[in-house]
>>> print(open('coords36.txt').read())   # compact mmCIF, C-alpha atoms
# COMPACT_ATOMS: atom_id res chain seq x y z
CA MET A 19 -36.11 20.84 -28.10
CA SER A 20 -35.66 20.98 -24.35
CA LYS A 21 -32.48 22.29 -22.72
CA ARG A 22 -32.02 18.97 -21.02
CA PHE A 23 -31.94 17.27 -24.39
CA VAL A 24 -29.34 19.70 -25.74
CA VAL A 25 -27.13 19.04 -22.74
CA TYR A 26 -27.57 15.31 -23.21
CA VAL A 27 -26.57 15.59 -26.87
CA LEU A 28 -23.51 17.71 -26.08
CA CYS A 29 -22.38 15.25 -23.41
CA LEU A 30 -22.64 12.38 -25.84
CA ALA A 31 -20.80 14.36 -28.50
CA MET A 32 -17.95 15.06 -26.08
CA LEU A 33 -17.75 11.42 -25.08
CA ASN A 34 -17.51 10.53 -28.76
CA LEU A 35 -14.55 12.87 -29.30
CA GLY A 36 -12.42 10.94 -26.85
CA SER A 37 -13.36 7.44 -27.95
CA PRO A 38 -10.73 5.40 -29.76
CA LEU A 39 -11.44 4.18 -33.27
CA VAL A 40 -13.38 0.99 -33.06
CA ALA A 41 -11.69 -1.88 -34.82
CA GLN A 42 -14.18 -2.98 -37.45
CA ALA A 43 -14.38 -3.51 -41.16
CA GLU A 44 -13.94 -0.23 -43.03
CA LEU A 45 -16.20 -1.07 -45.92
CA VAL A 46 -18.11 1.46 -47.95
CA THR A 47 -21.63 0.09 -47.58
CA THR A 48 -23.92 -0.14 -50.57
CA LEU A 49 -26.21 2.51 -49.11
CA GLN A 50 -23.25 4.88 -48.67
CA ALA A 51 -22.17 4.23 -52.23
CA VAL A 52 -25.69 4.96 -53.51
CA GLU A 53 -25.95 8.14 -51.50
CA ALA A 54 -22.49 9.28 -52.55
CA SER A 55 -23.56 8.93 -56.17
CA THR A 56 -27.06 10.38 -55.87
CA ARG A 57 -27.03 13.28 -53.45
CA ALA A 58 -24.92 15.77 -51.55
CA GLN A 59 -23.67 14.60 -48.20
CA ASP A 60 -24.81 17.59 -46.20
CA LEU A 61 -26.71 15.33 -43.85
CA ALA A 62 -23.74 13.18 -43.01
CA THR A 63 -22.51 15.75 -40.51
CA VAL A 64 -25.33 14.72 -38.18
CA SER A 65 -24.22 11.72 -36.21
CA THR A 66 -26.46 8.75 -36.85
CA ALA A 67 -26.13 7.62 -33.24
CA LEU A 68 -27.47 10.94 -32.01
CA ALA A 69 -30.25 10.89 -34.58
CA ARG A 70 -31.23 7.40 -33.44
CA ASP A 71 -31.40 8.50 -29.79
CA GLU A 72 -33.50 11.51 -30.70
CA VAL A 73 -35.98 9.51 -32.81
CA ARG A 74 -36.24 6.95 -30.02
CA ALA A 75 -37.08 9.69 -27.50
CA GLN A 76 -39.62 11.29 -29.85
CA PHE A 77 -41.38 8.01 -30.55
CA GLU A 78 -41.69 7.42 -26.81
CA ALA A 79 -43.02 10.93 -26.26
CA LEU A 80 -45.62 10.40 -29.00
CA GLY A 81 -47.03 7.35 -27.30
CA VAL A 82 -45.39 4.42 -29.08
CA GLU A 83 -45.38 1.32 -26.85
CA PRO A 84 -41.90 1.02 -25.28
CA ALA A 85 -41.66 -2.56 -26.54
CA GLN A 86 -42.22 -1.32 -30.13
CA VAL A 87 -39.87 1.67 -30.09
CA GLU A 88 -36.70 -0.37 -30.59
CA THR A 89 -38.17 -2.50 -33.39
CA ARG A 90 -39.39 0.56 -35.24
CA VAL A 91 -36.12 2.43 -34.88
CA ALA A 92 -34.20 -0.65 -36.04
CA ALA A 93 -36.22 -0.77 -39.28
CA LEU A 94 -35.05 2.73 -40.30
CA THR A 95 -31.90 3.34 -42.32
CA ASP A 96 -29.30 5.89 -41.24
CA SER A 97 -30.51 8.50 -43.69
CA GLU A 98 -34.14 7.96 -42.65
CA LEU A 99 -33.12 8.43 -39.02
CA ARG A 100 -31.36 11.67 -39.91
CA THR A 101 -34.47 12.82 -41.80
CA LEU A 102 -36.73 12.00 -38.87
CA ALA A 103 -34.56 13.37 -36.08
CA GLY A 104 -36.06 16.63 -34.93
CA GLN A 105 -38.83 16.44 -37.53
CA VAL A 106 -41.16 13.81 -36.15
CA ASN A 107 -43.58 16.58 -35.24
CA GLU A 108 -43.33 18.42 -38.57
CA LEU A 109 -43.41 15.72 -41.23
CA PRO A 110 -46.82 15.00 -42.77
CA ALA A 111 -48.72 12.38 -40.78
CA GLY A 112 -51.22 10.76 -43.10
CA ALA A 113 -54.41 10.28 -41.15
CA ASP A 114 -58.08 10.69 -41.76
CA ALA A 115 -59.80 12.14 -44.80
CA LEU A 116 -63.18 12.27 -43.16
CA ALA A 117 -62.06 14.47 -40.27
CA VAL A 118 -60.93 17.16 -42.69
CA ILE A 119 -64.09 17.16 -44.78
CA GLY A 120 -66.07 17.25 -41.55
CA ILE A 121 -64.21 20.30 -40.27
CA VAL A 122 -64.60 22.20 -43.55
CA PHE A 123 -68.32 21.41 -43.56
CA LEU A 124 -68.64 22.49 -39.93
CA VAL A 125 -66.92 25.82 -40.64
CA LEU A 126 -69.27 26.47 -43.57
CA LEU A 127 -72.25 25.53 -41.43
CA ILE A 128 -71.25 27.94 -38.66
CA LEU A 129 -70.65 30.75 -41.15
CA GLU A 130 -74.08 30.04 -42.60
CA ALA A 131 -75.72 30.01 -39.17
CA VAL A 132 -74.23 33.38 -38.14
CA GLY A 133 -75.18 34.84 -41.50
CA VAL A 134 -71.73 35.49 -43.01
CA ILE A 135 -72.45 33.27 -46.00
CA ASP A 136 -75.64 32.09 -47.60
CA ILE A 137 -74.96 28.96 -49.60
CA PHE A 138 -77.35 26.43 -48.13
CA LYS A 139 -80.47 28.11 -49.51
CA LYS A 140 -82.33 24.93 -50.20
CA PHE A 141 -82.04 23.71 -46.65
CA PRO A 142 -83.94 26.08 -44.41
CA MET B 1 -72.56 44.63 -52.94
CA THR B 2 -73.20 44.57 -49.23
CA ALA B 3 -70.44 43.89 -46.71
CA ARG B 4 -71.99 40.50 -46.15
CA GLY B 5 -71.94 39.84 -49.88
CA VAL B 6 -68.26 40.78 -50.13
CA ALA B 7 -67.35 38.51 -47.23
CA GLY B 8 -69.29 35.67 -48.81
CA ALA B 9 -67.69 36.18 -52.21
CA ALA B 10 -64.20 36.30 -50.67
CA LEU B 11 -64.88 33.10 -48.79
CA LEU B 12 -66.14 31.31 -51.86
CA ALA B 13 -63.12 32.50 -53.81
CA ALA B 14 -60.83 31.12 -51.07
CA ALA B 15 -62.72 27.83 -51.10
CA THR B 16 -62.33 27.63 -54.88
CA LEU B 17 -58.58 28.02 -54.56
CA ALA B 18 -58.20 25.60 -51.67
CA LEU B 19 -60.55 22.83 -52.65
CA PRO B 20 -59.84 20.79 -55.73
CA GLY B 21 -62.67 20.20 -58.10
CA CYS B 22 -63.71 23.79 -58.58
CA ALA B 23 -60.87 24.94 -60.79
CA ALA B 24 -61.02 24.67 -64.56
CA HIS B 25 -58.53 22.20 -66.00
CA GLY B 26 -57.47 20.34 -69.10
CA PRO B 27 -57.34 16.58 -69.45
CA VAL B 28 -54.70 14.82 -67.33
CA LEU B 29 -54.67 11.17 -68.30
CA PRO B 30 -55.31 11.15 -72.07
CA PRO B 31 -52.03 12.87 -73.06
CA VAL B 32 -50.01 10.59 -70.73
CA VAL B 33 -51.71 7.38 -71.76
CA ALA B 34 -51.79 8.22 -75.50
CA GLN B 35 -51.00 4.91 -77.18
CA ARG B 36 -48.22 4.02 -74.76
CA TYR B 37 -50.39 2.41 -72.11
CA ALA B 38 -53.74 0.64 -71.92
CA ALA B 39 -56.61 3.15 -72.02
CA SER B 40 -57.90 1.85 -68.71
CA VAL B 41 -56.44 -0.32 -65.97
CA GLU B 42 -58.07 -1.55 -62.81
CA LEU B 43 -56.30 -3.92 -60.44
CA GLU B 44 -59.53 -5.34 -59.13
CA ALA B 45 -57.90 -8.10 -57.12
CA THR B 46 -56.26 -5.51 -54.85
CA PRO B 47 -57.70 -6.16 -51.38
CA PHE B 48 -59.38 -3.48 -49.31
CA PHE B 49 -59.17 -2.75 -45.62
CA PRO B 50 -61.56 0.03 -44.54
CA GLN B 51 -59.65 2.31 -42.20
CA GLU B 52 -60.33 2.84 -38.53
CA GLN B 53 -60.23 6.43 -37.32
CA TYR B 54 -56.93 8.15 -38.22
CA GLN B 55 -55.47 4.85 -39.36
CA CYS B 56 -55.31 5.19 -43.10
CA GLY B 57 -51.54 4.52 -42.89
CA PRO B 58 -51.88 0.95 -41.59
CA ALA B 59 -54.91 0.33 -43.85
CA ALA B 60 -53.21 1.59 -47.02
CA LEU B 61 -50.00 -0.27 -46.21
CA ALA B 62 -51.91 -3.51 -45.58
CA THR B 63 -53.56 -3.07 -48.98
CA LEU B 64 -50.19 -2.55 -50.68
CA LEU B 65 -48.42 -5.42 -48.91
CA SER B 66 -51.30 -7.84 -49.51
CA ALA B 67 -51.18 -7.02 -53.21
CA ALA B 68 -47.44 -7.88 -53.09
CA GLY B 69 -48.18 -11.32 -51.67
CA VAL B 70 -47.85 -10.70 -47.92
CA ALA B 71 -50.57 -12.12 -45.70
CA VAL B 72 -51.16 -9.14 -43.42
CA THR B 73 -54.03 -7.05 -42.02
CA PRO B 74 -53.90 -3.46 -40.70
CA GLU B 75 -53.90 -4.52 -37.03
CA PRO B 76 -50.25 -5.63 -36.72
CA LEU B 77 -49.24 -2.63 -38.86
CA VAL B 78 -50.70 -0.19 -36.35
CA GLU B 79 -47.89 -1.17 -33.99
CA ALA B 80 -45.37 -0.71 -36.79
CA VAL B 81 -46.38 2.68 -38.24
CA TYR B 82 -49.03 4.49 -36.20
CA LEU B 83 -47.87 7.42 -34.05
CA PRO B 84 -50.56 8.07 -31.43
CA GLY B 85 -49.26 11.56 -30.65
CA ARG B 86 -49.53 12.56 -34.31
CA ARG B 87 -52.74 10.62 -34.96
CA GLY B 88 -51.20 9.40 -38.17
CA SER B 89 -48.25 7.70 -39.84
CA LEU B 90 -45.05 9.13 -41.32
CA GLN B 91 -43.72 8.27 -44.78
CA PRO B 92 -40.31 6.93 -43.61
CA GLU B 93 -42.11 4.50 -41.31
CA LEU B 94 -44.28 3.14 -44.13
CA VAL B 95 -41.07 2.58 -46.06
CA ALA B 96 -39.42 0.93 -43.04
CA ALA B 97 -42.41 -1.31 -42.28
CA THR B 98 -42.44 -2.52 -45.89
CA ARG B 99 -38.88 -3.76 -45.36
CA ARG B 100 -39.93 -5.63 -42.23
CA TYR B 101 -42.10 -7.78 -44.50
CA ASP B 102 -39.23 -8.40 -46.94
CA ARG B 103 -40.72 -6.25 -49.66
CA LEU B 104 -38.82 -3.61 -51.58
CA PRO B 105 -40.21 -0.10 -50.90
CA TYR B 106 -39.65 1.75 -54.17
CA VAL B 107 -40.49 5.45 -54.02
CA LEU B 108 -41.69 6.51 -57.47
CA PRO B 109 -40.60 9.63 -59.32
CA GLY B 110 -43.43 12.10 -58.78
CA SER B 111 -45.01 12.08 -62.22
CA VAL B 112 -48.36 10.97 -63.63
CA ASP B 113 -46.36 9.04 -66.18
CA ALA B 114 -44.61 6.95 -63.51
CA LEU B 115 -47.93 6.39 -61.75
CA VAL B 116 -49.65 5.21 -64.93
CA ALA B 117 -46.69 3.05 -65.97
CA THR B 118 -46.67 1.34 -62.56
CA LEU B 119 -50.42 0.66 -62.62
CA ALA B 120 -50.19 -0.61 -66.19
CA GLY B 121 -47.36 -2.85 -64.98
CA GLY B 122 -49.73 -4.40 -62.44
CA SER B 123 -48.68 -2.80 -59.13
CA PRO B 124 -51.04 -0.71 -56.99
CA VAL B 125 -49.45 2.51 -55.70
CA LEU B 126 -49.64 3.99 -52.22
CA VAL B 127 -49.92 7.79 -52.37
CA LEU B 128 -49.89 10.65 -49.91
CA GLN B 129 -52.52 13.35 -50.49
CA LYS B 130 -53.16 16.65 -48.81
CA LEU B 131 -56.89 17.09 -48.65
CA GLY B 132 -57.20 19.85 -46.08
CA ALA B 133 -57.53 23.54 -46.70
CA GLY B 134 -55.50 26.30 -45.07
CA PRO B 135 -54.53 25.60 -41.48
CA VAL B 136 -56.38 22.27 -41.33
CA PRO B 137 -53.81 19.56 -42.01
CA GLY B 138 -55.42 16.93 -44.18
CA TRP B 139 -52.70 14.41 -44.86
CA HIS B 140 -54.14 11.18 -46.13
CA TYR B 141 -52.81 7.90 -47.53
CA ALA B 142 -54.71 6.06 -50.24
CA VAL B 143 -53.90 3.32 -52.72
CA VAL B 144 -54.33 4.00 -56.43
CA VAL B 145 -55.50 0.78 -58.10
CA GLY B 146 -56.32 1.99 -61.59
CA TYR B 147 -57.25 4.70 -64.04
CA ASP B 148 -59.67 5.31 -66.85
CA ALA B 149 -58.30 7.67 -69.48
CA SER B 150 -61.61 7.99 -71.34
CA ARG B 151 -63.26 9.49 -68.24
CA ASP B 152 -60.00 11.02 -66.99
CA ARG B 153 -60.31 9.36 -63.58
CA PHE B 154 -58.11 7.59 -61.10
CA ILE B 155 -59.52 4.69 -59.09
CA LEU B 156 -58.52 4.49 -55.43
CA ARG B 157 -58.96 2.42 -52.33
CA SER B 158 -59.39 5.27 -49.86
CA GLY B 159 -60.55 5.54 -46.28
CA THR B 160 -63.81 3.66 -46.01
CA GLU B 161 -64.42 3.59 -49.77
CA ARG B 162 -63.55 0.40 -51.56
CA ARG B 163 -63.74 1.94 -55.02
CA LYS B 164 -63.40 5.67 -55.25
CA ALA B 165 -63.26 7.13 -58.77
CA THR B 166 -61.71 10.58 -58.59
CA GLU B 167 -61.35 13.11 -61.38
CA ALA B 168 -57.69 12.97 -62.37
CA ALA B 169 -57.25 16.73 -61.99
CA ASP B 170 -58.68 16.64 -58.46
CA PHE B 171 -56.40 13.79 -57.52
CA LEU B 172 -53.43 15.58 -59.06
CA ALA B 173 -54.11 18.73 -57.03
CA THR B 174 -54.14 16.84 -53.72
CA TRP B 175 -51.12 14.74 -54.70
CA GLU B 176 -49.23 17.83 -55.81
CA ARG B 177 -49.66 19.36 -52.37
CA ALA B 178 -48.07 16.25 -50.85
CA ASP B 179 -45.01 16.67 -53.10
CA ARG B 180 -46.31 13.87 -55.32
CA TRP B 181 -45.13 11.19 -52.93
CA ALA B 182 -45.87 7.63 -54.05
CA MET B 183 -44.43 4.20 -53.33
CA VAL B 184 -44.87 0.61 -54.39
CA ALA B 185 -44.02 -2.60 -52.53
CA LEU B 186 -42.27 -5.12 -54.76
CA GLU B 187 -41.31 -8.72 -54.28
CA PRO B 188 -37.48 -8.83 -54.15
CA GLY B 189 -36.19 -9.56 -57.64
CA VAL B 190 -39.05 -7.73 -59.37
CA LEU B 191 -38.11 -4.42 -60.99
CA PRO B 192 -40.58 -1.54 -61.21
CA PRO B 193 -41.47 -0.42 -64.75
CA ALA B 194 -39.01 2.18 -66.03
CA ALA B 195 -36.88 1.67 -62.92
CA ASP B 196 -34.35 4.35 -62.07
CA LEU B 197 -31.01 2.86 -61.02
CA GLY B 198 -30.36 5.25 -58.11
CA ARG B 199 -33.86 5.01 -56.65
CA TYR B 200 -33.96 1.27 -57.04
CA MET B 201 -30.53 0.69 -55.50
CA GLU B 202 -31.36 2.96 -52.57
CA ALA B 203 -34.45 0.85 -51.88
CA ALA B 204 -32.55 -2.42 -52.19
CA ALA B 205 -29.66 -1.15 -50.05
CA GLY B 206 -32.22 -0.18 -47.41
CA LEU B 207 -33.20 -3.85 -47.12
CA GLU B 208 -29.56 -4.81 -46.60
CA ALA B 209 -28.93 -1.95 -44.14
CA VAL B 210 -31.62 -3.20 -41.76
CA GLY B 211 -30.43 -6.80 -41.99
CA ARG B 212 -32.86 -8.26 -44.54
CA LEU B 213 -29.98 -9.85 -46.51
CA ASP B 214 -32.08 -12.62 -48.03
CA ALA B 215 -34.44 -10.05 -49.54
CA ALA B 216 -31.60 -7.75 -50.67
CA ALA B 217 -29.78 -10.53 -52.56
CA PRO B 218 -32.41 -11.17 -55.28
CA ALA B 219 -33.06 -7.42 -55.52
CA TYR B 220 -29.36 -6.76 -56.25
CA ALA B 221 -29.16 -9.70 -58.64
CA ALA B 222 -32.11 -8.32 -60.62
CA ALA B 223 -30.36 -4.94 -60.83
CA ALA B 224 -27.15 -6.55 -62.06
CA ARG B 225 -29.14 -8.22 -64.86
CA GLN B 226 -31.04 -5.04 -65.71
CA TRP B 227 -27.97 -2.77 -65.74
CA PRO B 228 -25.08 -5.08 -66.70
CA THR B 229 -22.62 -2.25 -67.27
CA GLU B 230 -23.34 -0.35 -64.04
CA PRO B 231 -20.83 -0.89 -61.21
CA LEU B 232 -23.25 -0.24 -58.32
CA PRO B 233 -25.26 -3.52 -58.41
CA ARG B 234 -22.03 -5.50 -58.61
CA LEU B 235 -20.52 -3.59 -55.70
CA ALA B 236 -23.70 -4.42 -53.77
CA LEU B 237 -23.40 -8.14 -54.54
CA ALA B 238 -19.74 -8.13 -53.47
CA ASN B 239 -20.68 -6.35 -50.21
CA LEU B 240 -23.31 -9.01 -49.63
CA ALA B 241 -20.75 -11.77 -50.21
CA TYR B 242 -18.55 -10.06 -47.62
CA ALA B 243 -21.44 -9.78 -45.16
CA ARG B 244 -21.93 -13.53 -45.52
CA GLY B 245 -18.24 -14.19 -44.81
CA ASP B 246 -17.19 -15.15 -48.35
CA LEU B 247 -13.98 -13.11 -48.67
CA VAL B 248 -12.85 -14.77 -51.90
CA ALA B 249 -16.11 -14.01 -53.72
CA ALA B 250 -16.15 -10.48 -52.31
CA GLU B 251 -12.57 -9.78 -53.48
CA ARG B 252 -13.37 -11.10 -56.96
CA GLY B 253 -16.53 -8.98 -57.05
CA TYR B 254 -14.73 -5.76 -56.12
CA ARG B 255 -12.07 -6.50 -58.74
CA ASP B 256 -14.79 -6.84 -61.39
CA VAL B 257 -16.30 -3.50 -60.35
CA ALA B 258 -12.89 -1.79 -60.55
CA ARG B 259 -12.48 -3.24 -64.04
CA LEU B 260 -15.93 -1.93 -65.04
CA ASP B 261 -15.20 1.50 -63.57
CA PRO B 262 -11.53 2.13 -62.78
CA ALA B 263 -12.53 5.34 -60.94
CA ASP B 264 -14.79 3.58 -58.38
CA ALA B 265 -13.28 4.54 -55.02
CA ALA B 266 -15.78 2.44 -53.04
CA ALA B 267 -14.81 -0.79 -54.82
CA ARG B 268 -11.10 -0.12 -54.33
CA ASN B 269 -11.52 0.76 -50.66
CA ASN B 270 -13.53 -2.38 -50.03
CA ARG B 271 -11.13 -4.57 -51.99
CA ALA B 272 -8.24 -3.16 -49.95
CA GLU B 273 -10.08 -3.98 -46.72
CA VAL B 274 -10.76 -7.55 -47.83
CA LEU B 275 -7.20 -8.04 -49.11
CA GLY B 276 -5.97 -6.93 -45.68
CA GLN B 277 -8.16 -9.51 -44.00
CA MET B 278 -6.87 -12.19 -46.38
CA GLY B 279 -3.27 -11.50 -45.28
CA CYS B 280 -2.37 -9.64 -48.46
CA GLY B 281 -0.87 -6.49 -46.92
CA ALA B 282 1.17 -5.45 -49.95
CA ALA B 283 -1.74 -5.74 -52.40
CA ALA B 284 -4.01 -3.97 -49.90
CA ARG B 285 -1.55 -1.03 -49.68
CA LYS B 286 -1.52 -0.62 -53.41
CA GLU B 287 -5.30 -0.71 -53.63
CA ILE B 288 -5.94 1.72 -50.76
CA GLU B 289 -3.55 4.24 -52.32
CA ALA B 290 -5.65 4.09 -55.50
CA ALA B 291 -8.80 4.54 -53.44
CA ARG B 292 -7.33 7.53 -51.61
CA ALA B 293 -6.48 9.28 -54.86
CA LEU B 294 -9.97 8.63 -56.25
CA ALA B 295 -11.89 9.58 -53.11
CA GLY B 296 -10.17 12.97 -52.84
CA GLU B 297 -12.12 15.17 -50.45
CA GLY B 298 -15.42 13.56 -51.40
CA PRO B 299 -17.99 11.87 -49.19
CA LEU B 300 -16.08 8.58 -49.06
CA ALA B 301 -12.81 10.17 -47.89
CA PRO B 302 -13.32 9.49 -44.14
CA THR B 303 -13.96 5.79 -44.72
CA VAL B 304 -10.95 5.49 -47.03
CA ALA B 305 -8.71 7.27 -44.52
CA SER B 306 -9.88 4.91 -41.83
CA THR B 307 -9.19 1.83 -43.97
CA ALA B 308 -5.75 3.21 -44.83
CA ARG B 309 -4.85 3.56 -41.14
CA LYS B 310 -5.87 -0.02 -40.53
CA ILE B 311 -3.87 -1.33 -43.48
CA ALA B 312 -0.77 0.67 -42.52
CA ALA B 313 -0.57 -1.49 -39.38
CA LEU B 314 -0.41 -4.71 -41.40
CA PRO B 315 2.83 -6.42 -42.54
CA ASP B 316 3.81 -5.13 -45.97
CA ARG B 317 3.83 -8.48 -47.72
CA ASP B 318 1.44 -10.89 -49.39
CA ALA B 319 0.71 -14.36 -48.05
CA ALA B 320 0.79 -17.28 -50.47
CA GLY B 321 -2.23 -17.43 -52.75
CA CYS B 322 -2.97 -13.71 -52.72
CA PRO B 323 -4.83 -12.64 -55.83
CA ALA B 324 -2.90 -10.80 -58.52
CA ASP B 325 -4.29 -7.57 -59.97
>>> encode(input="coords36.txt", output="structure tokens")
Amino acid sequence: MSKRFVVYVLCLAMLNLGSPLVAQAELVTTLQAVEASTRAQDLATVSTALARDEVRAQFEALGVEPAQVETRVAALTDSELRTLAGQVNELPAGADALAVIGIVFLVLLILEAVGVIDIFKKFP
Amino acid sequence: MTARGVAGAALLAAATLALPGCAAHGPVLPPVVAQRYAASVELEATPFFPQEQYQCGPAALATLLSAAGVAVTPEPLVEAVYLPGRRGSLQPELVAATRRYDRLPYVLPGSVDALVATLAGGSPVLVLQKLGAGPVPGWHYAVVVGYDASRDRFILRSGTERRKATEAADFLATWERADRWAMVALEPGVLPPAADLGRYMEAAAGLEAVGRLDAAAPAYAAAARQWPTEPLPRLALANLAYARGDLVAAERGYRDVARLDPADAAARNNRAEVLGQMGCGAAARKEIEAARALAGEGPLAPTVASTARKIAALPDRDAAGCPAD
């Protein structure tokens, strides 16, 4: 995480402290009710708004078309945003099976060629 | 043994550990299937989209969504789930994209039993596998479309292979290393076999949370039928009534939940909020006090406190026609 980003986050957090309570319906949403009954709320300390901003920035940095970033972020729930924030680079990214098999084969081939292993006897 | 021999033996030993297929193993499918499920299942009608480079996410998701009745190909899904900088797709985005097509993304419990039950129930399953060894990340999405207990094999749509029969133990090893992650896409209103209330409601609430109310409604209704004594599906339906502006139905719904479970702080908080909006300040006060006592210091406490502040500003009397307890 860059310093600039940390500063940005802190600024936003400070702005939030001073903001008046927004007049809106104070309903417990169904998702909140499910989460309250199924798991600990340790994640709830992370502000969803900050998580959303962070995911947005990470998607942009990873080459998502600007026009698509908003649509993709909007399709994520609050808890998914909190999971993703700061982890977009660490979570498993399902990709290509062939690339992996290729690399393993290549490594074996190189080891064979330099004489460390000798498993391809039938192929001179 | 020469130094070269030792190095070779060590390497082969490492390969044996890292690559599935070399280790000895017992049968996987027969004990799970044993008389409870069909001996073999193959969902042959499941479509297949051979993946482009790195794009098994969009391809696997297109396969899953098509099987759930959505007319979609991998191309539009690339824009929805592919992360160029990661050369792959992340699990939460597959879940999110499923919602964009009004399908319920149900993440299965990570067991062979759940996998087999789902296939036997007629739904293909999208799985994450870790195929790589050591430092080479080999995350891969595939769709399981069947199994054959007599040969102990799973049948997959994977990468560029339309029908890949994999030894169950090999599959299990790669699935295990991906924390046994698996999901299905269901038409709203259809329950997965052996559905778990919490998992199912989380998936359905996800639809509502991103604004797919018309998909969430039948999903909640199905849950209310499946678990008639559970308060959560009824709370969900009442919240949906509120979201659609039907205060009377919402209030009645919350009251039913509170009757089903007198200790449900969420239902009481929400009923208090709705009563306040209906001009029933006195009834709202009574209800929010009950909610406050039930919420304690728990996760719902901040919301309840916030509702209470709002209600405290209302006149302490009920308009004509306010509902009784």
>>> closest_residue(input="coords36.txt", among="B:Leu90, B:Leu235, B:Leu119, B:Ala185", to="Leu102 in chain A", atoms="all atoms listed in the file")
B:Leu90
>>> closest_residue(input="coords36.txt", among="A:Glu88, A:Ile135, A:Gly104, A:Ser65", to="chain B", atoms="only C-alpha atoms")
A:Ile135
>>> residues_around(input="coords36.txt", residues="Tyr220 in chain B", least_positions_apart="3", cutoff="7 Å", atoms="only C-alpha atoms", output="list in words")
Ala204, Ala216, Ala217, Ala223, Ala224, Pro233, Ala236 and Leu237 of chain B
>>> write_last_selection(input="coords36.txt", atoms="C-alpha atoms", output="PDB file, in the coordinates of the input")
ATOM      1  CA  ALA B 204     -32.550  -2.420 -52.190  1.00  0.00           C
ATOM      2  CA  ALA B 216     -31.600  -7.750 -50.670  1.00  0.00           C
ATOM      3  CA  ALA B 217     -29.780 -10.530 -52.560  1.00  0.00           C
ATOM      4  CA  ALA B 223     -30.360  -4.940 -60.830  1.00  0.00           C
ATOM      5  CA  ALA B 224     -27.150  -6.550 -62.060  1.00  0.00           C
ATOM      6  CA  PRO B 233     -25.260  -3.520 -58.410  1.00  0.00           C
ATOM      7  CA  ALA B 236     -23.700  -4.420 -53.770  1.00  0.00           C
ATOM      8  CA  LEU B 237     -23.400  -8.140 -54.540  1.00  0.00           C
TER       9      LEU B 237
END
>>> residues_around(input="coords36.txt", residues="Arg225 in chain B", least_positions_apart="5", cutoff="12 Å", atoms="all atoms listed in the file", output="list in words")
Gly189, Val190, Leu191, Leu197, Pro218, Ala219, Tyr220, Glu230, Pro231, Leu232, Pro233, Arg234 and Leu237 of chain B
>>> write_last_selection(input="coords36.txt", atoms="C-alpha atoms", output="PDB file, in the coordinates of the input")
ATOM      1  CA  GLY B 189     -36.190  -9.560 -57.640  1.00  0.00           C
ATOM      2  CA  VAL B 190     -39.050  -7.730 -59.370  1.00  0.00           C
ATOM      3  CA  LEU B 191     -38.110  -4.420 -60.990  1.00  0.00           C
ATOM      4  CA  LEU B 197     -31.010   2.860 -61.020  1.00  0.00           C
ATOM      5  CA  PRO B 218     -32.410 -11.170 -55.280  1.00  0.00           C
ATOM      6  CA  ALA B 219     -33.060  -7.420 -55.520  1.00  0.00           C
ATOM      7  CA  TYR B 220     -29.360  -6.760 -56.250  1.00  0.00           C
ATOM      8  CA  GLU B 230     -23.340  -0.350 -64.040  1.00  0.00           C
ATOM      9  CA  PRO B 231     -20.830  -0.890 -61.210  1.00  0.00           C
ATOM     10  CA  LEU B 232     -23.250  -0.240 -58.320  1.00  0.00           C
ATOM     11  CA  PRO B 233     -25.260  -3.520 -58.410  1.00  0.00           C
ATOM     12  CA  ARG B 234     -22.030  -5.500 -58.610  1.00  0.00           C
ATOM     13  CA  LEU B 237     -23.400  -8.140 -54.540  1.00  0.00           C
TER      14      LEU B 237
END
>>> closest_residue(input="coords36.txt", among="A:Ile128, A:Val91, A:Val134, A:Ala75", to="chain B", atoms="only C-alpha atoms")
A:Val134
>>> atom_distance(input="coords36.txt", atom1="CA of Ala59 in chain B", atom2="CA of Val144 in chain B")
13.1 Å
>>> closest_residue(input="coords36.txt", among="B:Arg162, B:Ala62, B:Leu156, B:Ala178", to="Lys130 in chain B", atoms="all atoms listed in the file")
B:Ala178
>>> interface_residues(input="coords36.txt", of="chain B", to="chain A", cutoff="6 Å", atoms="only C-alpha atoms", output="MDAnalysis selection string")
chainID B and resid 4 8 54:56 84:85 88:90 96 132 138:141 205 210 236 266 270 307
>>> write_last_selection(input="coords36.txt", atoms="C-alpha atoms", output="tab-separated table (two decimals), in the coordinates of the input")
chain	number	residue	atom	x	y	z
B	4	ARG	CA	-71.99	40.50	-46.15
B	8	GLY	CA	-69.29	35.67	-48.81
B	54	TYR	CA	-56.93	8.15	-38.22
B	55	GLN	CA	-55.47	4.85	-39.36
B	56	CYS	CA	-55.31	5.19	-43.10
B	84	PRO	CA	-50.56	8.07	-31.43
B	85	GLY	CA	-49.26	11.56	-30.65
B	88	GLY	CA	-51.20	9.40	-38.17
B	89	SER	CA	-48.25	7.70	-39.84
B	90	LEU	CA	-45.05	9.13	-41.32
B	96	ALA	CA	-39.42	0.93	-43.04
B	132	GLY	CA	-57.20	19.85	-46.08
B	138	GLY	CA	-55.42	16.93	-44.18
B	139	TRP	CA	-52.70	14.41	-44.86
B	140	HIS	CA	-54.14	11.18	-46.13
B	141	TYR	CA	-52.81	7.90	-47.53
B	205	ALA	CA	-29.66	-1.15	-50.05
B	210	VAL	CA	-31.62	-3.20	-41.76
B	236	ALA	CA	-23.70	-4.42	-53.77
B	266	ALA	CA	-15.78	2.44	-53.04
B	270	ASN	CA	-13.53	-2.38	-50.03
B	307	THR	CA	-9.19	1.83	-43.97
